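Novice: Just one file: input04.pdb, with PDB, C-alpha atoms, pLDDT in the B column.
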```
ATOM      1  CA  MET A   1       0.000   0.000   0.000  1.00 39.00           C
ATOM      2  CA  SER A   2       1.096   3.605  -0.499  1.00 38.00           C
ATOM      3  CA  THR A   3      -0.276   6.700   1.167  1.00 37.00           C
ATOM      4  CA  THR A   4      -0.619  10.254  -0.075  1.00 37.00           C
ATOM      5  CA  ILE A   5      -1.410  12.941   2.457  1.00 35.00           C
ATOM      6  CA  THR A   6      -2.254  16.321   0.968  1.00 36.00           C
ATOM      7  CA  THR A   7      -2.019  19.382   3.212  1.00 35.00           C
ATOM      8  CA  HIS A   8      -2.981  22.965   2.450  1.00 38.00           C
ATOM      9  CA  ASN A   9      -1.585  26.076   4.108  1.00 41.00           C
ATOM     10  CA  HIS A  10      -0.786  29.689   3.234  1.00 38.00           C
ATOM     11  CA  LYS A  11       2.420  28.592   1.482  1.00 38.00           C
ATOM     12  CA  GLY A  12       0.584  26.357  -1.001  1.00 39.00           C
ATOM     13  CA  THR A  13       0.030  22.647  -1.302  1.00 36.00           C
ATOM     14  CA  GLU A  14       2.598  20.070  -0.311  1.00 37.00           C
ATOM     15  CA  PHE A  15       2.480  16.352  -0.907  1.00 33.00           C
ATOM     16  CA  TYR A  16       3.883  13.697   1.355  1.00 35.00           C
ATOM     17  CA  LYS A  17       4.157  10.079   0.214  1.00 36.00           C
ATOM     18  CA  TRP A  18       4.936   7.062   2.282  1.00 34.00           C
ATOM     19  CA  ALA A  19       6.061   3.991   0.337  1.00 35.00           C
ATOM     20  CA  GLN A  20       4.373   1.582   2.705  1.00 36.00           C
ATOM     21  CA  VAL A  21       1.864   1.679   5.506  1.00 34.00           C
ATOM     22  CA  ARG A  22       2.848  -1.019   7.965  1.00 35.00           C
ATOM     23  CA  THR A  23       0.230  -0.219  10.589  1.00 37.00           C
ATOM     24  CA  ALA A  24      -2.933   1.825  10.865  1.00 38.00           C
ATOM     25  CA  LEU A  25      -2.273   5.559  11.039  1.00 37.00           C
ATOM     26  CA  ARG A  26      -3.418   5.728  14.678  1.00 37.00           C
ATOM     27  CA  HIS A  27      -3.421   9.506  14.870  1.00 39.00           C
ATOM     28  CA  ARG A  28       0.116   9.749  13.428  1.00 39.00           C
ATOM     29  CA  LEU A  29      -0.594  13.157  11.949  1.00 37.00           C
ATOM     30  CA  LEU A  30       2.268  14.331  14.141  1.00 38.00           C
ATOM     31  CA  LEU A  31       4.436  13.296  11.182  1.00 42.00           C
ATOM     32  CA  LEU A  32       3.181  16.355   9.321  1.00 39.00           C
ATOM     33  CA  PRO A  33       5.212  19.593   9.290  1.00 44.00           C
ATOM     34  CA  LEU A  34       4.574  22.077  12.059  1.00 39.00           C
ATOM     35  CA  PHE A  35       2.399  24.610  10.279  1.00 36.00           C
ATOM     36  CA  TYR A  36      -1.297  25.371  10.505  1.00 33.00           C
ATOM     37  CA  ILE A  37      -3.283  22.690   8.662  1.00 35.00           C
ATOM     38  CA  GLU A  38      -6.611  23.877   7.275  1.00 39.00           C
ATOM     39  CA  VAL A  39      -7.727  20.618   5.616  1.00 37.00           C
ATOM     40  CA  TYR A  40      -6.225  17.233   4.943  1.00 36.00           C
ATOM     41  CA  GLU A  41      -7.112  14.405   2.629  1.00 41.00           C
ATOM     42  CA  ILE A  42      -5.891  10.828   2.795  1.00 36.00           C
ATOM     43  CA  THR A  43      -5.945   8.503  -0.206  1.00 38.00           C
ATOM     44  CA  PHE A  44      -4.718   4.937  -0.555  1.00 35.00           C
ATOM     45  CA  THR A  45      -3.346   3.414  -3.754  1.00 39.00           C
ATOM     46  CA  GLU A  46      -1.908  -0.011  -4.514  1.00 41.00           C
ATOM     47  CA  MET A  47       1.901  -0.019  -4.518  1.00 39.00           C
ATOM     48  CA  PRO A  48       3.742  -1.663  -7.437  1.00 45.00           C
ATOM     49  CA  GLN A  49       6.102  -4.516  -6.610  1.00 53.00           C
ATOM     50  CA  PRO A  50       9.525  -3.010  -5.696  1.00 82.00           C
ATOM     51  CA  LEU A  51      12.109  -3.345  -8.436  1.00 91.00           C
ATOM     52  CA  LYS A  52      15.244  -5.395  -7.938  1.00 95.00           C
ATOM     53  CA  LEU A  53      17.908  -3.729 -10.059  1.00 97.00           C
ATOM     54  CA  ALA A  54      21.307  -4.501 -11.539  1.00 98.00           C
ATOM     55  CA  VAL A  55      23.525  -1.859 -13.145  1.00 98.00           C
ATOM     56  CA  ILE A  56      26.307  -3.189 -15.334  1.00 98.00           C
ATOM     57  CA  CYS A  57      29.362  -1.807 -17.144  1.00 98.00           C
ATOM     58  CA  SER A  58      32.541  -3.531 -18.266  1.00 98.00           C
ATOM     59  CA  SER A  59      34.722  -3.576 -15.132  1.00 98.00           C
ATOM     60  CA  ASN A  60      32.290  -2.662 -12.305  1.00 98.00           C
ATOM     61  CA  MET A  61      34.475   0.320 -11.535  1.00 98.00           C
ATOM     62  CA  ASN A  62      33.187   3.608 -12.896  1.00 98.00           C
ATOM     63  CA  ARG A  63      29.792   3.817 -14.600  1.00 98.00           C
ATOM     64  CA  SER A  64      28.006   0.974 -12.816  1.00 98.00           C
ATOM     65  CA  MET A  65      29.381   1.996  -9.428  1.00 98.00           C
ATOM     66  CA  GLU A  66      28.380   5.637  -9.841  1.00 98.00           C
ATOM     67  CA  ALA A  67      24.834   4.518 -10.692  1.00 98.00           C
ATOM     68  CA  HIS A  68      24.910   1.974  -7.842  1.00 98.00           C
ATOM     69  CA  ASN A  69      25.861   4.776  -5.459  1.00 98.00           C
ATOM     70  CA  PHE A  70      23.085   7.114  -6.666  1.00 97.00           C
ATOM     71  CA  LEU A  71      20.363   4.460  -6.741  1.00 97.00           C
ATOM     72  CA  SER A  72      21.184   2.990  -3.332  1.00 96.00           C
ATOM     73  CA  LYS A  73      21.006   6.461  -1.777  1.00 96.00           C
ATOM     74  CA  LYS A  74      17.526   6.790  -3.291  1.00 94.00           C
ATOM     75  CA  GLY A  75      16.517   3.626  -1.461  1.00 94.00           C
ATOM     76  CA  TYR A  76      16.375   1.210  -4.402  1.00 96.00           C
ATOM     77  CA  ARG A  77      17.436  -2.431  -4.130  1.00 96.00           C
ATOM     78  CA  VAL A  78      20.425  -2.411  -6.443  1.00 97.00           C
ATOM     79  CA  GLN A  79      23.532  -4.451  -7.208  1.00 98.00           C
ATOM     80  CA  SER A  80      26.276  -3.728  -9.723  1.00 98.00           C
ATOM     81  CA  PHE A  81      28.451  -5.875 -11.966  1.00 98.00           C
ATOM     82  CA  GLY A  82      30.912  -5.953 -14.847  1.00 98.00           C
ATOM     83  CA  THR A  83      30.922  -8.223 -17.892  1.00 98.00           C
ATOM     84  CA  GLY A  84      34.588  -8.093 -18.954  1.00 97.00           C
ATOM     85  CA  ASP A  85      37.071 -10.950 -18.631  1.00 97.00           C
ATOM     86  CA  LYS A  86      39.238  -8.819 -16.340  1.00 97.00           C
ATOM     87  CA  VAL A  87      38.986  -5.554 -14.448  1.00 98.00           C
ATOM     88  CA  LYS A  88      40.939  -2.972 -16.431  1.00 97.00           C
ATOM     89  CA  LEU A  89      41.927   0.541 -15.370  1.00 98.00           C
ATOM     90  CA  PRO A  90      44.031   3.141 -17.223  1.00 96.00           C
ATOM     91  CA  GLY A  91      47.754   2.904 -16.583  1.00 96.00           C
ATOM     92  CA  ALA A  92      50.786   5.107 -17.116  1.00 93.00           C
ATOM     93  CA  ALA A  93      50.461   4.586 -20.893  1.00 94.00           C
ATOM     94  CA  PRO A  94      47.553   3.612 -23.179  1.00 90.00           C
ATOM     95  CA  ASP A  95      49.136   0.230 -23.900  1.00 93.00           C
ATOM     96  CA  ARG A  96      49.859  -0.502 -20.214  1.00 94.00           C
ATOM     97  CA  PRO A  97      46.548  -0.773 -18.360  1.00 96.00           C
ATOM     98  CA  ASN A  98      46.284  -1.958 -14.788  1.00 98.00           C
ATOM     99  CA  VAL A  99      44.620  -5.375 -14.920  1.00 98.00           C
ATOM    100  CA  TYR A 100      43.023  -7.245 -12.003  1.00 98.00           C
ATOM    101  CA  GLU A 101      40.828 -10.279 -11.478  1.00 98.00           C
ATOM    102  CA  PHE A 102      37.184  -9.815 -10.565  1.00 98.00           C
ATOM    103  CA  GLY A 103      36.928 -10.335  -6.821  1.00 98.00           C
ATOM    104  CA  THR A 104      40.091  -8.345  -6.093  1.00 98.00           C
ATOM    105  CA  PRO A 105      39.124  -6.005  -3.232  1.00 98.00           C
ATOM    106  CA  TYR A 106      38.744  -2.356  -4.170  1.00 98.00           C
ATOM    107  CA  ASP A 107      40.997  -1.518  -1.246  1.00 98.00           C
ATOM    108  CA  ASP A 108      43.779  -3.751  -2.610  1.00 98.00           C
ATOM    109  CA  ILE A 109      43.527  -2.042  -6.014  1.00 98.00           C
ATOM    110  CA  TYR A 110      43.573   1.353  -4.278  1.00 98.00           C
ATOM    111  CA  GLN A 111      46.742   0.479  -2.356  1.00 98.00           C
ATOM    112  CA  ASP A 112      48.384  -0.928  -5.498  1.00 98.00           C
ATOM    113  CA  LEU A 113      47.806   2.263  -7.498  1.00 98.00           C
ATOM    114  CA  LEU A 114      48.821   4.392  -4.535  1.00 97.00           C
ATOM    115  CA  GLN A 115      52.195   2.665  -4.457  1.00 97.00           C
ATOM    116  CA  LYS A 116      52.665   2.753  -8.230  1.00 97.00           C
ATOM    117  CA  ASP A 117      52.067   6.488  -8.763  1.00 97.00           C
ATOM    118  CA  ARG A 118      50.104   8.483  -6.197  1.00 97.00           C
ATOM    119  CA  GLU A 119      50.310  11.738  -8.186  1.00 97.00           C
ATOM    120  CA  LEU A 120      49.107  10.231 -11.490  1.00 97.00           C
ATOM    121  CA  TYR A 121      46.205   8.273 -10.042  1.00 98.00           C
ATOM    122  CA  THR A 122      45.116  11.178  -7.865  1.00 97.00           C
ATOM    123  CA  ARG A 123      45.159  13.509 -10.874  1.00 97.00           C
ATOM    124  CA  ASN A 124      43.153  11.203 -13.128  1.00 96.00           C
ATOM    125  CA  GLY A 125      40.569  10.463 -10.424  1.00 97.00           C
ATOM    126  CA  LEU A 126      41.152   6.723 -10.033  1.00 98.00           C
ATOM    127  CA  LEU A 127      42.032   6.887  -6.337  1.00 98.00           C
ATOM    128  CA  HIS A 128      38.932   8.963  -5.624  1.00 98.00           C
ATOM    129  CA  MET A 129      36.811   6.490  -7.610  1.00 98.00           C
ATOM    130  CA  LEU A 130      38.246   3.484  -5.770  1.00 98.00           C
ATOM    131  CA  ASP A 131      37.747   5.185  -2.410  1.00 98.00           C
ATOM    132  CA  ARG A 132      34.075   5.628  -3.288  1.00 98.00           C
ATOM    133  CA  ASN A 133      33.782   2.032  -4.483  1.00 98.00           C
ATOM    134  CA  ARG A 134      35.249   0.483  -1.344  1.00 98.00           C
ATOM    135  CA  ARG A 135      32.659   2.372   0.712  1.00 98.00           C
ATOM    136  CA  ILE A 136      29.846   0.759  -1.292  1.00 98.00           C
ATOM    137  CA  LYS A 137      30.907  -2.909  -1.457  1.00 98.00           C
ATOM    138  CA  PRO A 138      34.060  -5.028  -1.053  1.00 98.00           C
ATOM    139  CA  HIS A 139      35.070  -5.865  -4.631  1.00 98.00           C
ATOM    140  CA  PRO A 140      34.070  -5.800  -8.326  1.00 98.00           C
ATOM    141  CA  GLU A 141      31.690  -8.600  -9.358  1.00 98.00           C
ATOM    142  CA  ARG A 142      31.264 -10.300 -12.729  1.00 98.00           C
ATOM    143  CA  PHE A 143      27.685 -10.623 -13.969  1.00 98.00           C
ATOM    144  CA  GLN A 144      28.288 -13.969 -15.670  1.00 97.00           C
ATOM    145  CA  ALA A 145      29.221 -15.468 -12.279  1.00 97.00           C
ATOM    146  CA  THR A 146      26.095 -14.456 -10.348  1.00 97.00           C
ATOM    147  CA  SER A 147      22.940 -16.516  -9.875  1.00 93.00           C
ATOM    148  CA  GLU A 148      20.958 -13.505  -8.640  1.00 94.00           C
ATOM    149  CA  GLN A 149      17.747 -12.650 -10.489  1.00 95.00           C
ATOM    150  CA  PHE A 150      16.530  -9.121 -11.231  1.00 96.00           C
ATOM    151  CA  ASN A 151      13.407  -7.366 -12.521  1.00 93.00           C
ATOM    152  CA  LEU A 152      15.439  -4.742 -14.362  1.00 97.00           C
ATOM    153  CA  ILE A 153      19.000  -4.714 -15.683  1.00 98.00           C
ATOM    154  CA  LEU A 154      20.548  -1.431 -16.812  1.00 98.00           C
ATOM    155  CA  THR A 155      23.671  -1.512 -18.974  1.00 98.00           C
ATOM    156  CA  CYS A 156      26.000   1.327 -19.934  1.00 98.00           C
ATOM    157  CA  GLU A 157      27.053   0.475 -23.492  1.00 97.00           C
ATOM    158  CA  GLU A 158      25.887  -1.746 -26.335  1.00 98.00           C
ATOM    159  CA  ARG A 159      28.758  -4.220 -26.011  1.00 98.00           C
ATOM    160  CA  VAL A 160      27.885  -4.819 -22.349  1.00 98.00           C
ATOM    161  CA  TYR A 161      24.183  -5.087 -23.267  1.00 98.00           C
ATOM    162  CA  ASP A 162      25.048  -7.814 -25.794  1.00 98.00           C
ATOM    163  CA  GLN A 163      27.183  -9.667 -23.241  1.00 98.00           C
ATOM    164  CA  VAL A 164      24.362  -9.616 -20.689  1.00 98.00           C
ATOM    165  CA  ILE A 165      21.903 -10.997 -23.252  1.00 97.00           C
ATOM    166  CA  GLU A 166      24.379 -13.688 -24.278  1.00 96.00           C
ATOM    167  CA  SER A 167      24.868 -14.715 -20.647  1.00 96.00           C
ATOM    168  CA  LEU A 168      21.141 -14.912 -19.898  1.00 95.00           C
ATOM    169  CA  GLU A 169      20.332 -16.775 -23.098  1.00 93.00           C
ATOM    170  CA  GLY A 170      22.881 -19.405 -22.106  1.00 91.00           C
ATOM    171  CA  ARG A 171      21.001 -20.186 -18.904  1.00 88.00           C
ATOM    172  CA  ASP A 172      17.932 -22.385 -18.462  1.00 83.00           C
ATOM    173  CA  SER A 173      14.940 -20.225 -19.385  1.00 72.00           C
ATOM    174  CA  GLN A 174      12.087 -20.152 -16.903  1.00 78.00           C
ATOM    175  CA  THR A 175       9.106 -17.830 -16.459  1.00 85.00           C
ATOM    176  CA  THR A 176      10.524 -14.875 -14.484  1.00 89.00           C
ATOM    177  CA  PRO A 177      10.758 -11.824 -16.772  1.00 92.00           C
ATOM    178  CA  VAL A 178      13.659  -9.381 -16.755  1.00 96.00           C
ATOM    179  CA  HIS A 179      13.791  -6.140 -18.715  1.00 97.00           C
ATOM    180  CA  ILE A 180      17.248  -5.244 -20.037  1.00 98.00           C
ATOM    181  CA  VAL A 181      17.751  -1.582 -20.948  1.00 98.00           C
ATOM    182  CA  ASN A 182      20.892   0.006 -22.332  1.00 98.00           C
ATOM    183  CA  VAL A 183      21.673   3.704 -21.873  1.00 97.00           C
ATOM    184  CA  GLU A 184      24.801   4.678 -23.810  1.00 97.00           C
ATOM    185  CA  ILE A 185      27.335   6.215 -21.389  1.00 97.00           C
ATOM    186  CA  GLN A 186      30.975   6.959 -22.173  1.00 97.00           C
ATOM    187  CA  ASP A 187      33.531   5.582 -19.750  1.00 96.00           C
ATOM    188  CA  ASN A 188      34.768   8.730 -18.018  1.00 96.00           C
ATOM    189  CA  HIS A 189      33.992  10.326 -14.661  1.00 95.00           C
ATOM    190  CA  GLU A 190      31.833  13.172 -15.981  1.00 96.00           C
ATOM    191  CA  GLU A 191      29.724  10.900 -18.188  1.00 97.00           C
ATOM    192  CA  ALA A 192      29.352   8.405 -15.345  1.00 98.00           C
ATOM    193  CA  THR A 193      27.778  11.106 -13.182  1.00 97.00           C
ATOM    194  CA  ILE A 194      25.427  12.221 -15.954  1.00 97.00           C
ATOM    195  CA  GLY A 195      24.547   8.594 -16.642  1.00 97.00           C
ATOM    196  CA  ALA A 196      23.767   7.958 -12.991  1.00 97.00           C
ATOM    197  CA  PHE A 197      21.313  10.885 -12.968  1.00 97.00           C
ATOM    198  CA  LEU A 198      19.661   9.551 -16.124  1.00 97.00           C
ATOM    199  CA  MET A 199      19.359   6.049 -14.699  1.00 97.00           C
ATOM    200  CA  CYS A 200      17.843   7.371 -11.478  1.00 96.00           C
ATOM    201  CA  GLU A 201      15.247   9.269 -13.490  1.00 96.00           C
ATOM    202  CA  LEU A 202      14.446   6.212 -15.595  1.00 96.00           C
ATOM    203  CA  VAL A 203      14.152   3.911 -12.583  1.00 96.00           C
ATOM    204  CA  ALA A 204      11.860   6.389 -10.823  1.00 95.00           C
ATOM    205  CA  MET A 205       9.531   6.334 -13.842  1.00 94.00           C
ATOM    206  CA  MET A 206       9.496   2.547 -13.881  1.00 94.00           C
ATOM    207  CA  ALA A 207       9.040   2.183 -10.133  1.00 93.00           C
ATOM    208  CA  ASN A 208       5.882   4.308 -10.318  1.00 91.00           C
ATOM    209  CA  SER A 209       4.322   2.154 -13.019  1.00 92.00           C
ATOM    210  CA  ASP A 210       1.418  -0.112 -12.038  1.00 90.00           C
ATOM    211  CA  ASP A 211       2.052  -2.311 -15.106  1.00 92.00           C
ATOM    212  CA  LEU A 212       5.688  -2.053 -16.189  1.00 92.00           C
ATOM    213  CA  ASP A 213       5.429  -4.766 -18.829  1.00 91.00           C
ATOM    214  CA  ASN A 214       2.673  -2.813 -20.560  1.00 94.00           C
ATOM    215  CA  ASP A 215       4.084   0.684 -19.992  1.00 95.00           C
ATOM    216  CA  ILE A 216       7.787   0.234 -20.638  1.00 96.00           C
ATOM    217  CA  ASP A 217       7.854   0.740 -24.433  1.00 95.00           C
ATOM    218  CA  GLU A 218       6.142   4.121 -24.245  1.00 96.00           C
ATOM    219  CA  MET A 219       8.257   5.108 -21.241  1.00 96.00           C
ATOM    220  CA  LEU A 220      11.472   4.349 -23.097  1.00 97.00           C
ATOM    221  CA  GLN A 221      10.353   6.256 -26.196  1.00 96.00           C
ATOM    222  CA  ASP A 222       9.666   9.339 -24.068  1.00 96.00           C
ATOM    223  CA  PHE A 223      12.907   8.913 -22.152  1.00 97.00           C
ATOM    224  CA  GLU A 224      14.973   8.523 -25.326  1.00 96.00           C
ATOM    225  CA  ALA A 225      13.495  11.712 -26.770  1.00 95.00           C
ATOM    226  CA  LYS A 226      14.214  13.578 -23.548  1.00 94.00           C
ATOM    227  CA  CYS A 227      17.801  12.437 -22.941  1.00 94.00           C
ATOM    228  CA  GLN A 228      18.796  12.391 -26.623  1.00 93.00           C
ATOM    229  CA  ARG A 229      20.651   9.096 -26.257  1.00 94.00           C
ATOM    230  CA  PRO A 230      19.943   5.815 -28.033  1.00 94.00           C
ATOM    231  CA  ILE A 231      18.056   3.349 -25.831  1.00 97.00           C
ATOM    232  CA  LEU A 232      18.041  -0.418 -26.348  1.00 98.00           C
ATOM    233  CA  HIS A 233      15.536  -2.737 -24.696  1.00 98.00           C
ATOM    234  CA  CYS A 234      14.629  -6.406 -24.673  1.00 97.00           C
ATOM    235  CA  LEU A 235      12.651  -8.782 -22.462  1.00 96.00           C
ATOM    236  CA  LEU A 236      14.151 -12.113 -21.412  1.00 95.00           C
ATOM    237  CA  PHE A 237      13.231 -14.743 -18.839  1.00 92.00           C
ATOM    238  CA  TYR A 238      15.035 -16.465 -15.992  1.00 87.00           C
TER     239      TYR A 238
END
```
Could you rewrite the structure in this file as structure tokens?

Specialist:
Amino acid sequence: MSTTITTHNHKGTEFYKWAQVRTALRHRLLLLPLFYIEVYEITFTEMPQPLKLAVICSSNMNRSMEAHNFLSKKGYRVQSFGTGDKVKLPGAAPDRPNVYEFGTPYDDIYQDLLQKDRELYTRNGLLHMLDRNRRIKPHPERFQATSEQFNLILTCEERVYDQVIESLEGRDSQTTPVHIVNVEIQDNHEEATIGAFLMCELVAMMANSDDLDNDIDEMLQDFEAKCQRPILHCLLFY
């Protein structure tokens, strides 16, 4: 159940929404702000099933972790993954990346780069990124290795989208649907932040839908026109 309480005062109308009502209200109008309430109106609507999300990029370092950070702070159930064979980060030269296995703790990668070249990896933002990551979860995870199931999977580039589809199609198909949506995001810090905002907006639209399976095509058309980025979508089953 969800609750909307509408209050009216001299400053205008404000809306307060509670995601769930666990008990009867029992005179809990003390939750309202401390201003003079002239009238109030309480309405009840059915709450859609909460989404279980995955956000996926190549190495589970930059784009997926920025979106993971944003979405978790908004209260969504979210996990993040990569689809690459290895975790790869820029090195001292384009042909010398830093390469790690999935499962290597973010803190270990942080300490490794700190010892290699503190000035370089501070300047290019990798140490800041890894510090953020280690505050969110212990280590990068590979999507192909998880047995978790999700309602919605968001990917950050077409290659990753294709790898996710390939992985799911190789599993035993059941009857649990999963929507896979790709939002094209370049792999740099600025684009990762923009992409995280876009994904939060898209997830909010979907979470408010009473019938996501029926609404999603129109939602994505509107979203694509608004964000001016190509959107890919398919429906698969676990």

Novice: Would you work out the distance separating atom CA of A:Thr146 from atom CA of A:Phe197, expressed in Å to one decimal?

Specialist: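 Separating atom CA of A:Thr146 from atom CA of A:Phe197 is a distance of 25.9 Å.
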
Novice: Would you kindly return, as a list in words, each protein, DNA or RNA residue with an atom no farther than 9 Å from any atom of A:Gln144, considering all atoms listed in the file and excluding same-chain residues fewer than 3 positions away?

Specialist: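 Neighbouring residues, sequence-local ones excluded: Phe81, Gly82, Thr83, Glu141, Ser147, Gln163, Val164, Ser167 and Leu168 of chain A.
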
Novice: Take the PyMOL selection byres ((chain A and resi 51-56) around 7), apply it to the structure above, and return the hits as an MDAnalysis selection string.

Specialist: chainID A and resid 49:50 57:58 60 64 67:68 77:82 150:156 207

Novice: Using all atoms listed in the file, find the one residue out of A:Tyr110, A:Ala225, A:Val203, A:Ala145 that sits nearest to A:Gly75.

Specialist: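 Using all atoms listed in the file, A:Gly75 sits closest to A:Val203.
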
Novice: Mind checking which residues fall within 12 Å of stretch 86-88 of chain A, counting all atoms listed in the file, ignoring those fewer than 6 positions away in the same chain, and posting them as JSON, numbers by chain?

Specialist: {"A": [57, 58, 59, 60, 61, 62, 94, 95, 96, 97, 98, 99, 100, 101, 102, 103, 104, 105, 106, 109, 126, 139, 140, 141, 142, 143, 187]}

Novice: What is the distance between atom CA of A:Val183 and atom CA of A:Asp213, in Å to one decimal?

Specialist: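 One can read the atom CA of A:Val183 to atom CA of A:Asp213 distance as 18.6 Å.
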
Novice: Pick from A:Glu166, A:Glu190, A:Glu184, A:Asp210: nearest to A:Gln228, with only C-alpha atoms counted?

Specialist: A:Glu184

Novice: May I ask for the distance between atom CA of A:Ala196 and atom CA of A:Arg63, given in Å to one decimal place?

Specialist: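 Those two atoms sit 7.5 Å apart.
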
Novice: Got a sec: who's within 12 Å of A:Lys226, counting only C-alpha atoms, leaving out chain neighbours fewer than 4 positions off, as a short mmCIF file (atom, residue, chain, number, x, y, z; two decimals) with C-alpha atoms, in the frame of the given file?

Specialist:
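See out-v1.cif below for the written result:
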```
data_model
loop_
_atom_site.label_atom_id
_atom_site.label_comp_id
_atom_site.auth_asym_id
_atom_site.auth_seq_id
_atom_site.Cartn_x
_atom_site.Cartn_y
_atom_site.Cartn_z
CA LEU A 198 19.66 9.55 -16.12
CA GLU A 201 15.25 9.27 -13.49
CA LEU A 202 14.45 6.21 -15.60
CA MET A 219 8.26 5.11 -21.24
CA LEU A 220 11.47 4.35 -23.10
CA GLN A 221 10.35 6.26 -26.20
CA ASP A 222 9.67 9.34 -24.07
CA PRO A 230 19.94 5.82 -28.03
CA ILE A 231 18.06 3.35 -25.83
#
```

Novice: Which of these, A:Glu224, A:Gln115, A:Leu89, A:Asn208, has the shortest distance to A:Met129 once you count only C-alpha atoms?

Specialist: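 Nearest candidate to A:Met129 out of A:Glu224, A:Gln115, A:Leu89, A:Asn208: A:Leu89.
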
Novice: So, counting all atoms listed in the file, which residue among A:Asp107, A:Thr176, A:Leu71, A:Asp112 is closest to A:Ala204?

Specialist: A:Leu71

Novice: Kindly complete stretch 221-226 of chain A to all heavy atoms; the output should be written as a PDB file, keeping the file's coordinate frame.

Specialist:
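rebuild20.pdb was written with the following content:
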```
ATOM      1  N   GLN A 221      10.427   5.316 -25.077  1.00 96.00           N
ATOM      2  CA  GLN A 221      10.353   6.256 -26.196  1.00 96.00           C
ATOM      3  C   GLN A 221      10.420   7.693 -25.690  1.00 96.00           C
ATOM      4  O   GLN A 221      11.149   8.527 -26.237  1.00 96.00           O
ATOM      5  CB  GLN A 221       9.072   6.031 -26.990  1.00 96.00           C
ATOM      6  CG  GLN A 221       9.065   4.761 -27.813  1.00 96.00           C
ATOM      7  CD  GLN A 221       7.746   4.532 -28.527  1.00 96.00           C
ATOM      8  OE1 GLN A 221       6.869   5.405 -28.540  1.00 96.00           O
ATOM      9  NE2 GLN A 221       7.589   3.357 -29.113  1.00 96.00           N
ATOM     10  N   ASP A 222       9.657   7.989 -24.646  1.00 96.00           N
ATOM     11  CA  ASP A 222       9.666   9.339 -24.068  1.00 96.00           C
ATOM     12  C   ASP A 222      11.030   9.662 -23.469  1.00 96.00           C
ATOM     13  O   ASP A 222      11.540  10.786 -23.626  1.00 96.00           O
ATOM     14  CB  ASP A 222       8.585   9.458 -22.984  1.00 96.00           C
ATOM     15  CG  ASP A 222       7.174   9.365 -23.550  1.00 96.00           C
ATOM     16  OD1 ASP A 222       7.014   9.536 -24.776  1.00 96.00           O
ATOM     17  OD2 ASP A 222       6.245   9.107 -22.768  1.00 96.00           O
ATOM     18  N   PHE A 223      11.614   8.690 -22.790  1.00 97.00           N
ATOM     19  CA  PHE A 223      12.907   8.913 -22.152  1.00 97.00           C
ATOM     20  C   PHE A 223      13.998   9.139 -23.193  1.00 97.00           C
ATOM     21  O   PHE A 223      14.857  10.013 -23.030  1.00 97.00           O
ATOM     22  CB  PHE A 223      13.250   7.718 -21.267  1.00 97.00           C
ATOM     23  CG  PHE A 223      14.528   7.865 -20.497  1.00 97.00           C
ATOM     24  CD1 PHE A 223      14.598   8.696 -19.397  1.00 97.00           C
ATOM     25  CD2 PHE A 223      15.674   7.169 -20.872  1.00 97.00           C
ATOM     26  CE1 PHE A 223      15.777   8.834 -18.673  1.00 97.00           C
ATOM     27  CE2 PHE A 223      16.846   7.301 -20.169  1.00 97.00           C
ATOM     28  CZ  PHE A 223      16.905   8.136 -19.067  1.00 97.00           C
ATOM     29  N   GLU A 224      13.980   8.372 -24.265  1.00 96.00           N
ATOM     30  CA  GLU A 224      14.973   8.523 -25.326  1.00 96.00           C
ATOM     31  C   GLU A 224      14.888   9.902 -25.962  1.00 96.00           C
ATOM     32  O   GLU A 224      15.911  10.549 -26.228  1.00 96.00           O
ATOM     33  CB  GLU A 224      14.767   7.445 -26.385  1.00 96.00           C
ATOM     34  CG  GLU A 224      15.823   7.435 -27.479  1.00 96.00           C
ATOM     35  CD  GLU A 224      15.623   6.278 -28.438  1.00 96.00           C
ATOM     36  OE1 GLU A 224      14.472   6.051 -28.851  1.00 96.00           O
ATOM     37  OE2 GLU A 224      16.609   5.592 -28.761  1.00 96.00           O
ATOM     38  N   ALA A 225      13.675  10.383 -26.187  1.00 95.00           N
ATOM     39  CA  ALA A 225      13.495  11.712 -26.770  1.00 95.00           C
ATOM     40  C   ALA A 225      13.996  12.794 -25.818  1.00 95.00           C
ATOM     41  O   ALA A 225      14.570  13.800 -26.251  1.00 95.00           O
ATOM     42  CB  ALA A 225      12.017  11.928 -27.105  1.00 95.00           C
ATOM     43  N   LYS A 226      13.813  12.578 -24.535  1.00 94.00           N
ATOM     44  CA  LYS A 226      14.214  13.578 -23.548  1.00 94.00           C
ATOM     45  C   LYS A 226      15.725  13.624 -23.358  1.00 94.00           C
ATOM     46  O   LYS A 226      16.327  14.705 -23.320  1.00 94.00           O
ATOM     47  CB  LYS A 226      13.532  13.282 -22.202  1.00 94.00           C
ATOM     48  CG  LYS A 226      13.874  14.278 -21.117  1.00 94.00           C
ATOM     49  CD  LYS A 226      13.117  13.964 -19.842  1.00 94.00           C
ATOM     50  CE  LYS A 226      13.463  14.968 -18.741  1.00 94.00           C
ATOM     51  NZ  LYS A 226      12.722  14.678 -17.484  1.00 94.00           N
TER      52      LYS A 226
END
```
